[in-house]
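See below for model.tsv, which holds TSV, C-alpha atoms.
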```
chain	number	residue	atom	x	y	z
A	271	TYR	CA	-21.30	-12.40	75.74
A	272	TYR	CA	-24.02	-14.78	74.67
A	273	ASP	CA	-24.18	-16.97	71.59
A	274	ALA	CA	-27.88	-17.85	71.70
A	275	PRO	CA	-31.05	-16.36	73.19
A	276	GLU	CA	-31.66	-19.46	75.33
A	277	GLN	CA	-28.62	-18.54	77.40
A	278	LEU	CA	-30.48	-15.51	78.80
A	279	HIS	CA	-33.16	-17.67	80.46
A	280	LEU	CA	-35.78	-15.09	79.44
A	281	PRO	CA	-38.93	-15.70	77.41
A	282	PHE	CA	-38.45	-15.04	73.69
A	283	ARG	CA	-39.78	-16.11	70.33
A	284	ASP	CA	-38.36	-16.35	66.84
A	285	VAL	CA	-39.95	-13.93	64.39
A	286	ASP	CA	-39.33	-12.89	60.81
A	287	ILE	CA	-39.22	-9.28	59.66
A	288	ASP	CA	-40.39	-8.80	56.07
A	289	THR	CA	-37.95	-6.68	54.07
A	290	GLY	CA	-37.27	-5.81	50.46
A	291	VAL	CA	-34.80	-8.70	50.20
A	292	GLY	CA	-36.91	-11.29	52.04
A	293	ALA	CA	-37.62	-12.41	55.59
A	294	CYS	CA	-34.93	-11.40	58.09
A	295	PRO	CA	-34.83	-13.49	61.29
A	296	ALA	CA	-35.22	-11.75	64.64
A	297	TRP	CA	-35.77	-12.56	68.31
A	298	GLU	CA	-38.56	-10.91	70.26
A	299	PHE	CA	-38.10	-10.60	74.02
A	300	PRO	CA	-41.34	-9.38	75.64
A	301	ALA	CA	-41.16	-7.16	78.70
A	302	PRO	CA	-42.25	-8.77	81.98
A	303	ASN	CA	-45.21	-6.39	82.13
A	304	ASP	CA	-47.72	-5.18	79.55
A	305	THR	CA	-45.99	-2.25	77.85
A	306	ASP	CA	-45.78	-0.58	74.49
A	307	VAL	CA	-42.17	0.53	75.07
A	308	TRP	CA	-39.72	-1.25	72.77
A	309	VAL	CA	-36.07	-1.15	71.82
A	310	VAL	CA	-34.89	-2.40	68.43
A	311	GLN	CA	-31.37	-3.74	68.83
A	312	VAL	CA	-29.16	-3.63	65.74
A	313	HIS	CA	-25.74	-5.27	65.60
A	314	GLY	CA	-22.64	-3.79	64.07
A	315	ARG	CA	-20.96	-4.58	60.77
A	316	GLY	CA	-19.30	-7.98	60.51
A	317	THR	CA	-21.19	-9.53	63.42
A	318	THR	CA	-24.57	-11.16	64.02
A	319	ARG	CA	-27.62	-10.30	66.09
A	320	ALA	CA	-26.20	-12.40	68.95
A	321	GLU	CA	-23.82	-9.50	69.60
A	322	THR	CA	-26.71	-7.47	71.04
A	323	LEU	CA	-27.98	-10.17	73.43
A	324	ARG	CA	-25.87	-8.80	76.28
A	325	ALA	CA	-28.17	-5.74	76.52
A	326	VAL	CA	-31.46	-7.67	76.59
A	327	PRO	CA	-31.41	-8.41	80.37
A	328	VAL	CA	-30.91	-4.70	81.12
A	329	PHE	CA	-33.90	-3.67	79.01
A	330	HIS	CA	-35.95	-6.56	80.41
A	331	ALA	CA	-35.22	-5.42	83.99
A	332	LEU	CA	-36.38	-1.92	83.01
A	333	GLY	CA	-39.66	-3.29	81.65
A	334	ILE	CA	-38.76	-2.70	78.00
A	335	SER	CA	-39.43	-5.24	75.25
A	336	SER	CA	-36.55	-5.99	72.84
A	337	LEU	CA	-36.50	-6.89	69.18
A	338	VAL	CA	-33.10	-8.25	68.18
A	339	VAL	CA	-32.83	-8.10	64.40
A	340	SER	CA	-30.68	-9.24	61.53
A	341	TYR	CA	-30.38	-7.32	58.27
A	342	ARG	CA	-29.37	-7.87	54.67
A	343	ASN	CA	-25.94	-9.38	54.02
A	344	ASP	CA	-25.16	-10.08	57.69
A	345	GLY	CA	-24.88	-13.85	57.21
A	346	GLU	CA	-28.28	-14.65	58.78
A	347	ALA	CA	-30.61	-12.56	56.63
A	348	PRO	CA	-31.05	-12.74	52.85
A	349	ARG	CA	-28.42	-11.21	50.62
A	350	SER	CA	-29.10	-8.14	48.52
A	351	PRO	CA	-28.36	-8.31	44.78
A	352	SER	CA	-24.94	-6.71	45.38
A	353	GLY	CA	-24.20	-8.93	48.40
A	354	THR	CA	-22.25	-6.13	50.08
A	355	TYR	CA	-22.68	-3.88	53.09
A	356	ALA	CA	-23.67	-0.31	52.32
A	357	LEU	CA	-22.80	1.09	55.78
A	358	GLY	CA	-26.45	1.87	56.51
A	359	ALA	CA	-27.33	3.39	53.13
A	360	THR	CA	-29.54	0.37	52.28
A	361	GLU	CA	-29.70	-1.60	55.53
A	362	TRP	CA	-31.96	0.99	57.20
A	363	ARG	CA	-34.77	-0.25	54.96
A	364	ASP	CA	-34.71	-3.58	56.80
A	365	LEU	CA	-35.32	-1.81	60.12
A	366	ASP	CA	-37.85	0.84	59.13
```

Could I get this file's structure written as structure tokens?
Amino acid sequence: YYDAPEQLHLPFRDVDIDTGVGACPAWEFPAPNDTDVWVVQVHGRGTTRAETLRAVPVFHALGISSLVVSYRNDGEAPRSPSGTYALGATEWRDLD
């Protein structure tokens, strides 16, 4: 597993995704070729976006760009008013 995007030795940039609770940090990994094919990688409950980094090299090798996102209440993104996970009932809004 990787802890940081730099460990992949692939080009990436930090981006923010505007959501209803504020800007959620994300990493954008462009494909090696010009493509409009993307995968949005979403981590599981109780982890961070770094959990999904292990799949980025696979998508990159297939010529697919990756967007590795955080979402409300995950410890990296802003907290919602309740500050709790809703098991996807509210978090989907941060990804739509």

Nearest to Pro295 in chain A, restricted to all atoms listed in the file and choosing among A:Ala325, A:Arg283, A:Glu276, A:Val307, comes out as A:Arg283

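A straight line drawn from CA of Gly316 in chain A to CA of Leu332 in chain A is 28.9 Å long.
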
Which one of A:Thr289, A:Asp273, A:Tyr341, A:Ser335 sits closest to Thr305 in chain A if you count all atoms listed in the file?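 Closest to Thr305 in chain A, using all atoms listed in the file: A:Ser335.
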
Selection: 8 Å around Ile287 in chain A, only C-alpha atoms, excl. self and same-chain fewer than 4 positions, as a PyMOL selection string: chain A and resi 293-296+364

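Picture a line from CA of Gly333 in chain A to CA of Phe299 in chain A; it runs 10.7 Å.
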
From the options A:Val312, A:Val328, A:Ala320, A:Leu337, which residue's atoms come nearest to Glu298 in chain A, counting all atoms listed in the file?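 Looking only at the distances to Glu298 in chain A, the closest residue turns out to be A:Leu337.
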
Given 8 Å on each side, where is the centre and what are the edge lengths in Å to one decimal of the axis-aligned box enclosing the listed atoms of range 284-298 of chain A, as JSON?
```
{"center_x": -37.6, "center_y": -11.1, "center_z": 60.2, "size_x": 21.6, "size_y": 26.5, "size_z": 36.1}
```

Report the distance between CA of Ala301 in chain A and CA of Arg315 in chain A in Å, rounded to one decimal place. 27.1 Å

Pick out the residues sitting within 9 Å of Leu280 in chain A, and hand them over as a list in words; count all atoms listed in the file, and ignore anything fewer than 6 positions along from it in its own chain. Phe299, Pro300, Pro327 and His330 of chain A

Closest to Val310 in chain A among A:Leu323, A:Val339, A:Leu278, A:Ala331, using all atoms listed in the file?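 Among the listed residues, A:Val339 lies closest to Val310 in chain A.
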
Restricting the calculation to all atoms listed in the file, which member of A:Glu346, A:Val338, A:Val309, A:Asp304 is positioned closest to Val285 in chain A?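 The shortest atom-to-atom distance to Val285 in chain A comes from A:Val338.
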
Using only C-alpha atoms: which of A:Ser340, A:Phe282, A:Pro302, A:Pro275 has the shortest distance to Gly314 in chain A: A:Ser340
